[in-house]
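Chemist: Provided below: entry_11.pdb, containing PDB, C-alpha atoms.
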ATOM      1  CA  MET G  29     -23.567 -17.147  19.841
ATOM      2  CA  SER G  30     -25.736 -19.641  17.985
ATOM      3  CA  ASN G  31     -24.543 -23.220  17.694
ATOM      4  CA  GLU G  32     -24.223 -24.243  14.062
ATOM      5  CA  ASN G  33     -23.125 -27.821  14.733
ATOM      6  CA  PRO G  34     -24.994 -30.423  12.661
ATOM      7  CA  LEU G  35     -27.764 -32.400  14.291
ATOM      8  CA  SER G  36     -26.945 -35.868  15.562
ATOM      9  CA  PRO G  37     -27.083 -38.698  14.558
ATOM     10  CA  HIS G  38     -26.329 -37.795  10.941
ATOM     11  CA  ILE G  39     -28.720 -40.333   9.447
ATOM     12  CA  GLN G  40     -29.028 -38.370   6.215
ATOM     13  CA  ILE G  41     -25.240 -38.491   5.616
ATOM     14  CA  TYR G  42     -24.063 -41.995   6.585
ATOM     15  CA  SER G  43     -24.864 -45.032   4.462
ATOM     16  CA  TRP G  44     -27.307 -47.442   6.118
ATOM     17  CA  ASN G  45     -25.992 -50.464   8.004
ATOM     18  CA  ILE G  46     -27.261 -52.776  10.760
ATOM     19  CA  SER G  47     -25.768 -50.749  13.633
ATOM     20  CA  LEU G  48     -27.258 -47.500  12.345
ATOM     21  CA  LEU G  49     -30.634 -49.168  11.810
ATOM     22  CA  ILE G  50     -30.639 -50.616  15.361
ATOM     23  CA  SER G  51     -29.446 -47.335  16.877
ATOM     24  CA  ILE G  52     -32.170 -45.153  15.364
ATOM     25  CA  SER G  53     -34.826 -47.882  15.830
ATOM     26  CA  ARG G  54     -33.863 -48.178  19.512
ATOM     27  CA  ARG G  55     -34.546 -44.482  20.022
ATOM     28  CA  ILE G  56     -37.843 -44.523  18.133
ATOM     29  CA  ILE G  57     -39.015 -47.732  19.849
ATOM     30  CA  GLY G  58     -37.979 -46.346  23.254
ATOM     31  CA  VAL G  59     -40.288 -43.372  22.684
ATOM     32  CA  ILE G  60     -43.077 -45.671  21.386
ATOM     33  CA  ASN G  61     -42.705 -47.882  24.479
ATOM     34  CA  ILE G  62     -43.037 -44.996  26.910
ATOM     35  CA  ALA G  63     -46.113 -43.789  24.989
ATOM     36  CA  ALA G  64     -47.485 -47.348  25.254
ATOM     37  CA  LEU G  65     -46.715 -47.477  28.983
ATOM     38  CA  THR G  66     -48.573 -44.166  29.374
ATOM     39  CA  LEU G  67     -51.583 -45.790  27.667
ATOM     40  CA  ILE G  68     -51.240 -48.777  30.026
ATOM     41  CA  CYS G  69     -51.306 -46.301  32.950
ATOM     42  CA  LEU G  70     -54.488 -44.829  31.446
ATOM     43  CA  TRP G  71     -55.903 -48.372  31.152
ATOM     44  CA  ILE G  72     -55.228 -48.886  34.890
ATOM     45  CA  VAL G  73     -56.834 -45.502  35.698
ATOM     46  CA  LEU G  74     -59.927 -46.484  33.666
ATOM     47  CA  LEU G  75     -60.401 -49.523  35.928
ATOM     48  CA  LEU G  76     -61.759 -47.011  38.455
ATOM     49  CA  LEU G  77     -64.820 -46.538  36.213
ATOM     50  CA  GLY G  78     -66.104 -49.945  37.291
ATOM     51  CA  GLU G  79     -67.063 -53.263  35.736
ATOM     52  CA  GLU G  80     -69.903 -52.015  33.513
ATOM     53  CA  ASN G  81     -67.861 -49.301  31.809
ATOM     54  CA  TYR G  82     -64.879 -51.651  31.444
ATOM     55  CA  GLU G  83     -66.905 -53.715  28.922
ATOM     56  CA  TYR G  84     -66.155 -51.051  26.241
ATOM     57  CA  ILE G  85     -62.402 -51.359  26.841
ATOM     58  CA  LYS G  86     -62.657 -55.152  26.882
ATOM     59  CA  PHE G  87     -64.549 -55.050  23.573
ATOM     60  CA  PHE G  88     -61.763 -52.928  22.030
ATOM     61  CA  LEU G  89     -58.968 -55.134  23.409
ATOM     62  CA  GLN G  90     -60.673 -58.264  22.069
ATOM     63  CA  SER G  91     -61.029 -56.705  18.604
ATOM     64  CA  PHE G  92     -58.523 -57.181  15.766
ATOM     65  CA  LEU G  93     -57.062 -53.696  16.411
ATOM     66  CA  GLY G  94     -56.675 -54.453  20.134
ATOM     67  CA  LYS G  95     -54.894 -57.750  19.452
ATOM     68  CA  PHE G  96     -52.709 -56.036  16.830
ATOM     69  CA  LEU G  97     -51.724 -53.321  19.358
ATOM     70  CA  ILE G  98     -50.794 -55.933  21.986
ATOM     71  CA  LEU G  99     -48.792 -57.919  19.415
ATOM     72  CA  GLY G 100     -47.009 -54.716  18.339
ATOM     73  CA  LEU G 101     -46.296 -53.842  21.956
ATOM     74  CA  THR G 102     -44.905 -57.336  22.562
ATOM     75  CA  TRP G 103     -42.519 -56.835  19.629
ATOM     76  CA  SER G 104     -41.447 -53.337  20.699
ATOM     77  CA  PHE G 105     -40.805 -54.538  24.283
ATOM     78  CA  SER G 106     -38.879 -57.576  22.925
ATOM     79  CA  PHE G 107     -36.809 -55.316  20.665
ATOM     80  CA  GLN G 108     -35.956 -52.976  23.528
ATOM     81  CA  ILE G 109     -35.089 -55.857  25.907
ATOM     82  CA  LEU G 110     -32.684 -57.401  23.375
ATOM     83  CA  SER G 111     -31.097 -54.107  22.337
ATOM     84  CA  GLU G 112     -30.609 -53.141  26.018
ATOM     85  CA  ILE G 113     -28.842 -56.470  26.607
ATOM     86  CA  ARG G 114     -26.652 -55.735  23.529
ATOM     87  CA  HIS G 115     -25.759 -52.318  24.965
ATOM     88  CA  LEU G 116     -24.959 -53.793  28.392
ATOM     89  CA  PHE G 117     -22.478 -56.187  26.741
ATOM     90  CA  TRP G 118     -20.879 -53.172  25.032
ATOM     91  CA  ASP G 119     -20.676 -51.406  28.413
ATOM     92  CA  PHE G 120     -18.651 -54.354  29.754
ATOM     93  CA  GLY G 121     -16.358 -54.108  26.711
ATOM     94  CA  TYR G 122     -17.688 -57.065  24.675
ATOM     95  CA  GLY G 123     -18.998 -57.160  21.097
ATOM     96  CA  PHE G 124     -17.322 -54.140  19.521
ATOM     97  CA  GLU G 125     -15.769 -56.080  16.614
ATOM     98  CA  LEU G 126     -17.479 -55.215  13.330
ATOM     99  CA  ILE G 127     -18.622 -58.777  12.604
ATOM    100  CA  THR G 128     -19.840 -59.325  16.206
ATOM    101  CA  SER G 129     -21.699 -56.017  16.097
ATOM    102  CA  LYS G 130     -23.427 -57.061  12.848
ATOM    103  CA  ILE G 131     -24.341 -60.501  14.250
ATOM    104  CA  THR G 132     -25.741 -59.076  17.520
ATOM    105  CA  GLY G 133     -27.668 -56.480  15.481
ATOM    106  CA  LEU G 134     -29.267 -59.273  13.456
ATOM    107  CA  ILE G 135     -29.972 -61.182  16.694
ATOM    108  CA  VAL G 136     -31.842 -58.105  17.997
ATOM    109  CA  ILE G 137     -33.948 -57.818  14.814
ATOM    110  CA  PHE G 138     -34.799 -61.490  14.292
ATOM    111  CA  GLY G 139     -34.664 -62.395  18.014
ATOM    112  CA  SER G 140     -37.330 -59.795  18.778
ATOM    113  CA  ILE G 141     -39.630 -61.372  16.174
ATOM    114  CA  VAL G 142     -39.007 -64.885  17.541
ATOM    115  CA  LEU G 143     -39.477 -63.697  21.147
ATOM    116  CA  THR G 144     -42.771 -62.003  20.193
ATOM    117  CA  ILE G 145     -44.071 -65.210  18.612
ATOM    118  CA  LEU G 146     -42.956 -67.309  21.624
ATOM    119  CA  ILE G 147     -44.562 -64.935  24.165
ATOM    120  CA  TYR G 148     -47.817 -64.722  22.196
ATOM    121  CA  LEU G 149     -48.088 -68.467  21.572
ATOM    122  CA  SER G 150     -47.184 -69.383  25.162
ATOM    123  CA  SER G 151     -49.874 -66.990  26.453
ATOM    124  CA  LYS G 152     -52.408 -68.790  24.288
ATOM    125  CA  GLN G 153     -51.072 -72.089  25.721
ATOM    126  CA  ILE G 154     -50.364 -73.402  22.231
ATOM    127  CA  PHE G 155     -47.293 -75.138  23.647
TER     128      PHE G 155
ATOM    129  CA  MET C  16     -18.176 -37.173  39.704
ATOM    130  CA  ILE C  17     -19.455 -35.092  36.781
ATOM    131  CA  ASN C  18     -23.174 -34.973  35.936
ATOM    132  CA  ALA C  19     -22.790 -36.856  32.638
ATOM    133  CA  THR C  20     -21.145 -39.797  34.488
ATOM    134  CA  LYS C  21     -23.916 -39.836  37.105
ATOM    135  CA  LYS C  22     -26.518 -39.796  34.334
ATOM    136  CA  TRP C  23     -24.774 -42.697  32.559
ATOM    137  CA  ILE C  24     -24.657 -44.759  35.785
ATOM    138  CA  PHE C  25     -28.360 -44.051  36.475
ATOM    139  CA  LEU C  26     -29.192 -45.103  32.901
ATOM    140  CA  LYS C  27     -27.251 -48.358  33.180
ATOM    141  CA  VAL C  28     -28.582 -49.301  36.639
ATOM    142  CA  SER C  29     -32.178 -48.587  35.588
ATOM    143  CA  SER C  30     -31.614 -50.543  32.357
ATOM    144  CA  ILE C  31     -30.454 -53.621  34.349
ATOM    145  CA  ILE C  32     -33.559 -53.390  36.574
ATOM    146  CA  LEU C  33     -35.838 -52.713  33.592
ATOM    147  CA  ILE C  34     -34.921 -55.753  31.454
ATOM    148  CA  PRO C  35     -36.443 -58.480  33.730
ATOM    149  CA  LEU C  36     -39.364 -56.207  34.684
ATOM    150  CA  MET C  37     -40.286 -55.562  31.038
ATOM    151  CA  PHE C  38     -40.020 -59.283  30.300
ATOM    152  CA  TRP C  39     -42.256 -60.172  33.261
ATOM    153  CA  PHE C  40     -44.797 -57.460  32.408
ATOM    154  CA  ILE C  41     -45.182 -58.216  28.707
ATOM    155  CA  ILE C  42     -45.696 -61.955  29.378
ATOM    156  CA  ASN C  43     -48.410 -61.134  31.915
ATOM    157  CA  LEU C  44     -49.976 -58.398  29.766
ATOM    158  CA  VAL C  45     -50.407 -60.831  26.865
ATOM    159  CA  LEU C  46     -51.967 -63.296  29.328
ATOM    160  CA  ILE C  47     -54.544 -60.879  30.797
ATOM    161  CA  TYR C  48     -55.280 -58.080  28.284
ATOM    162  CA  ASP C  49     -58.445 -59.688  26.856
ATOM    163  CA  LYS C  50     -59.772 -60.984  30.191
ATOM    164  CA  GLY C  51     -62.694 -59.514  32.125
ATOM    165  CA  TYR C  52     -62.732 -56.703  34.689
ATOM    166  CA  VAL C  53     -62.446 -59.011  37.704
ATOM    167  CA  ASP C  54     -59.357 -60.808  36.342
ATOM    168  CA  ILE C  55     -57.616 -57.519  35.471
ATOM    169  CA  VAL C  56     -58.325 -55.939  38.867
ATOM    170  CA  ASN C  57     -57.272 -59.174  40.601
ATOM    171  CA  PHE C  58     -53.984 -59.103  38.705
ATOM    172  CA  PHE C  59     -53.106 -55.495  39.577
ATOM    173  CA  SER C  60     -54.373 -55.597  43.155
ATOM    174  CA  THR C  61     -52.541 -58.703  44.355
ATOM    175  CA  GLN C  62     -48.874 -59.282  45.107
ATOM    176  CA  PRO C  63     -46.350 -59.608  43.508
ATOM    177  CA  SER C  64     -48.041 -57.886  40.493
ATOM    178  CA  LYS C  65     -48.891 -54.801  42.549
ATOM    179  CA  PHE C  66     -45.268 -54.279  43.631
ATOM    180  CA  LEU C  67     -43.653 -55.268  40.308
ATOM    181  CA  THR C  68     -45.986 -53.098  38.185
ATOM    182  CA  SER C  69     -45.334 -50.121  40.467
ATOM    183  CA  LEU C  70     -41.573 -50.712  40.270
ATOM    184  CA  LEU C  71     -41.788 -51.048  36.472
ATOM    185  CA  MET C  72     -43.613 -47.716  36.188
ATOM    186  CA  ILE C  73     -41.078 -45.894  38.393
ATOM    187  CA  VAL C  74     -37.994 -47.337  36.662
ATOM    188  CA  ALA C  75     -39.411 -47.152  33.103
ATOM    189  CA  PHE C  76     -40.438 -43.495  33.380
ATOM    190  CA  PHE C  77     -37.167 -42.588  35.137
ATOM    191  CA  TYR C  78     -35.157 -44.355  32.401
ATOM    192  CA  SER C  79     -37.259 -42.760  29.660
ATOM    193  CA  SER C  80     -36.872 -39.234  31.018
ATOM    194  CA  LEU C  81     -33.073 -39.696  31.001
ATOM    195  CA  SER C  82     -33.104 -41.242  27.495
ATOM    196  CA  ILE C  83     -35.465 -38.637  26.040
ATOM    197  CA  SER C  84     -33.342 -35.830  27.518
ATOM    198  CA  GLU C  85     -30.437 -37.307  25.512
ATOM    199  CA  ILE C  86     -32.594 -37.098  22.377
ATOM    200  CA  PHE C  87     -33.357 -33.449  23.231
ATOM    201  CA  GLU C  88     -29.595 -32.894  23.668
ATOM    202  CA  ASP C  89     -28.985 -34.245  20.160
ATOM    203  CA  TYR C  90     -31.836 -32.580  18.301
ATOM    204  CA  ILE C  91     -32.717 -29.297  20.071
ATOM    205  CA  HIS C  92     -30.209 -26.476  19.652
ATOM    206  CA  ASP C  93     -32.079 -23.707  21.483
ATOM    207  CA  GLU C  94     -31.048 -23.876  25.163
ATOM    208  CA  LYS C  95     -34.303 -22.343  26.445
ATOM    209  CA  ILE C  96     -36.514 -24.767  24.524
ATOM    210  CA  LYS C  97     -34.261 -27.651  25.614
ATOM    211  CA  ASN C  98     -34.576 -26.665  29.296
ATOM    212  CA  VAL C  99     -38.367 -26.385  29.063
ATOM    213  CA  ALA C 100     -38.568 -29.748  27.256
ATOM    214  CA  ASN C 101     -36.355 -31.394  29.910
ATOM    215  CA  LYS C 102     -38.448 -29.972  32.751
ATOM    216  CA  ALA C 103     -41.670 -31.063  31.035
ATOM    217  CA  ILE C 104     -40.429 -34.646  30.577
ATOM    218  CA  THR C 105     -39.242 -34.785  34.219
ATOM    219  CA  ILE C 106     -42.634 -33.620  35.529
ATOM    220  CA  PHE C 107     -44.392 -36.097  33.197
ATOM    221  CA  ALA C 108     -42.108 -38.919  34.432
ATOM    222  CA  ILE C 109     -43.038 -38.158  38.053
ATOM    223  CA  ILE C 110     -46.783 -37.524  37.746
ATOM    224  CA  ILE C 111     -47.851 -40.435  35.491
ATOM    225  CA  PRO C 112     -46.283 -43.258  37.567
ATOM    226  CA  LEU C 113     -47.332 -41.551  40.822
ATOM    227  CA  ILE C 114     -51.023 -41.439  39.814
ATOM    228  CA  THR C 115     -50.846 -45.021  38.504
ATOM    229  CA  ILE C 116     -49.261 -46.358  41.703
ATOM    230  CA  ILE C 117     -51.822 -44.563  43.906
ATOM    231  CA  ILE C 118     -54.601 -46.190  41.855
ATOM    232  CA  ILE C 119     -52.961 -49.639  41.909
ATOM    233  CA  PHE C 120     -52.696 -49.475  45.711
ATOM    234  CA  ASN C 121     -56.360 -48.466  45.981
ATOM    235  CA  LEU C 122     -57.792 -51.022  43.530
ATOM    236  CA  THR C 123     -60.308 -53.373  45.136
ATOM    237  CA  LEU C 124     -63.154 -55.473  43.836
TER     238      LEU C 124
END
Let's see the structure in the file written out as structure tokens.

Modeler:
Amino acid sequence: MSNENPLSPHIQIYSWNISLLISISRRIIGVINIAALTLICLWIVLLLLGEENYEYIKFFLQSFLGKFLILGLTWSFSFQILSEIRHLFWDFGYGFELITSKITGLIVIFGSIVLTILIYLSSKQIF
Amino acid sequence: MINATKKWIFLKVSSIILIPLMFWFIINLVLIYDKGYVDIVNFFSTQPSKFLTSLLMIVAFFYSSLSISEIFEDYIHDEKIKNVANKAITIFAIIIPLITIIIIFNLTL
């Protein structure tokens, strides 16, 4: 017998709120992060090609697109780190109140941006 | 213990391990990504980077295969397609980190 249950989560039915936004973003960013980690694995594999051939990869990574990709990856990692911490608090029974859930959702969104800036600036030894 | 509970525990334990590893890796990645070949190989071929990167790959792909199988559970109705997708993601989550770790442990200047 075929299962006619609706697909989950029902993003086309519920009105948008912070928790819904974080929930669906967490899934999408989780998939993006594993795709990015697969590319990092490929980057490590390409090291086997030797120093001369690595110059092409270095040229790409030093380009605007390369820097943009690294900055994007820093944000997606930061977002996942913060949203995982939020979920762990939930697992221990904290933060379920509506207002707390909204505040922690905002912390994940804005905190990930702040964390990205801090990581990027500290790597460039700006402070 | 039922399978769903085991899966939940595995997800939570790997998540706890993953948080500091991701933080460590992204800081170091931003530090080295635009450096030369020698610096990159030095980073991946010396401890503790060699061990921590390998651990990150194992835990991240393990965690992702569990998480993505949940997404399949939510969005794929056909049981056959779901089983094939789950098997494919499990094989992917074993092979990619395995190859990467073998290369990391064989990297030399």

Chemist: Starting from the PyMOL selection byres ((chain C and resi 79-83) around 7), expand the selection into actual residues of this file and give them as a list in words.

Modeler: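 For this structure, the PyMOL selection byres ((chain C and resi 79-83) around 7) captures Ile62 of chain G; Leu26, Ala75, Phe76, Phe77, Tyr78, Ser84, Glu85, Ile86, Phe87, Ile104, Thr105 and Ala108 of chain C.
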
Chemist: Could you please select, counting all atoms listed in the file, the residues of chain G within 7 Å of chain C and state them as a list in words?

Modeler: Asn31, Leu35, Ser36, Ile62, Cys69, Ile72, Val73, Glu79, Tyr82, Lys86, Leu89, Gln90, Ile98, Thr102, Phe105, Ile109, Glu112, Ile147, Tyr148 and Ser151 of chain G

Chemist: Name the closest residue to Ser47 in chain G among the candidates G:Thr132, G:Ser150, G:Ser91, G:Ser140; distances are taken between atoms, counting all atoms listed in the file.

Modeler: G:Thr132

Chemist: Hey, which of G:Trp118, G:Phe124, G:Phe138, G:Phe107 ends up closest to Arg54 in chain G? Count only C-alpha atoms.

Modeler: G:Phe107

Chemist: Compare C:Lys102, C:Lys21, C:Ser64, C:Met16 by their minimum atom-to-atom distance to Phe120 in chain C, counting all atoms listed in the file, and give me the closest one.

Modeler: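 Residue with the minimum atom-to-atom distance to Phe120 in chain C: C:Ser64.
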
Chemist: Go ahead and compute the interatomic distance for CA of Leu143 in chain G and CA of Ser106 in chain G, in Å to one decimal.

Modeler: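 These two atoms are separated by 6.4 Å.
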
Chemist: To one decimal in Å, tell me the separation between CA of Ile141 in chain G and CA of Thr128 in chain G.

Modeler: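 Going from CA of Ile141 in chain G over to CA of Thr128 in chain G, I get 19.9 Å.
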
Chemist: Counting only C-alpha atoms, which residues have an atom no more than 12 Å from (-22.9, -53.8, 34.3) in the file's coordinates? Please list them as number ranges by chain.

Modeler: G: 112-122; C: 23-32

Chemist: Counting all atoms listed in the file, which of G:Leu65, G:Ser51, G:Leu75, G:Phe87 gets nearest to Ser60 in chain C?

Modeler: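 Using all atoms listed in the file, the shortest distance to Ser60 in chain C belongs to G:Leu75.
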
Chemist: In Å, with one decimal, what is the gap from CA of Ile145 in chain G to CA of Gly100 in chain G?

Modeler: 10.9 Å

Chemist: Using the chain letters and numbering of this document, enumerate as a PDB file with C-alpha atoms, in the coordinates of the input the residues selected by the PyMOL selection byres ((chain G and resi 53) around 12).

Modeler:
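Result file result.pdb:
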ATOM      1  CA  ILE G  39     -28.720 -40.333   9.447  1.00  0.00           C
ATOM      2  CA  ILE G  46     -27.261 -52.776  10.760  1.00  0.00           C
ATOM      3  CA  SER G  47     -25.768 -50.749  13.633  1.00  0.00           C
ATOM      4  CA  LEU G  48     -27.258 -47.500  12.345  1.00  0.00           C
ATOM      5  CA  LEU G  49     -30.634 -49.168  11.810  1.00  0.00           C
ATOM      6  CA  ILE G  50     -30.639 -50.616  15.361  1.00  0.00           C
ATOM      7  CA  SER G  51     -29.446 -47.335  16.877  1.00  0.00           C
ATOM      8  CA  ILE G  52     -32.170 -45.153  15.364  1.00  0.00           C
ATOM      9  CA  ARG G  54     -33.863 -48.178  19.512  1.00  0.00           C
ATOM     10  CA  ARG G  55     -34.546 -44.482  20.022  1.00  0.00           C
ATOM     11  CA  ILE G  56     -37.843 -44.523  18.133  1.00  0.00           C
ATOM     12  CA  ILE G  57     -39.015 -47.732  19.849  1.00  0.00           C
ATOM     13  CA  GLY G  58     -37.979 -46.346  23.254  1.00  0.00           C
ATOM     14  CA  VAL G  59     -40.288 -43.372  22.684  1.00  0.00           C
ATOM     15  CA  ILE G  60     -43.077 -45.671  21.386  1.00  0.00           C
ATOM     16  CA  ASN G  61     -42.705 -47.882  24.479  1.00  0.00           C
ATOM     17  CA  SER G 104     -41.447 -53.337  20.699  1.00  0.00           C
ATOM     18  CA  PHE G 107     -36.809 -55.316  20.665  1.00  0.00           C
ATOM     19  CA  GLN G 108     -35.956 -52.976  23.528  1.00  0.00           C
ATOM     20  CA  SER G 111     -31.097 -54.107  22.337  1.00  0.00           C
ATOM     21  CA  GLY G 133     -27.668 -56.480  15.481  1.00  0.00           C
ATOM     22  CA  VAL G 136     -31.842 -58.105  17.997  1.00  0.00           C
ATOM     23  CA  ILE G 137     -33.948 -57.818  14.814  1.00  0.00           C
TER      24      ILE G 137
END
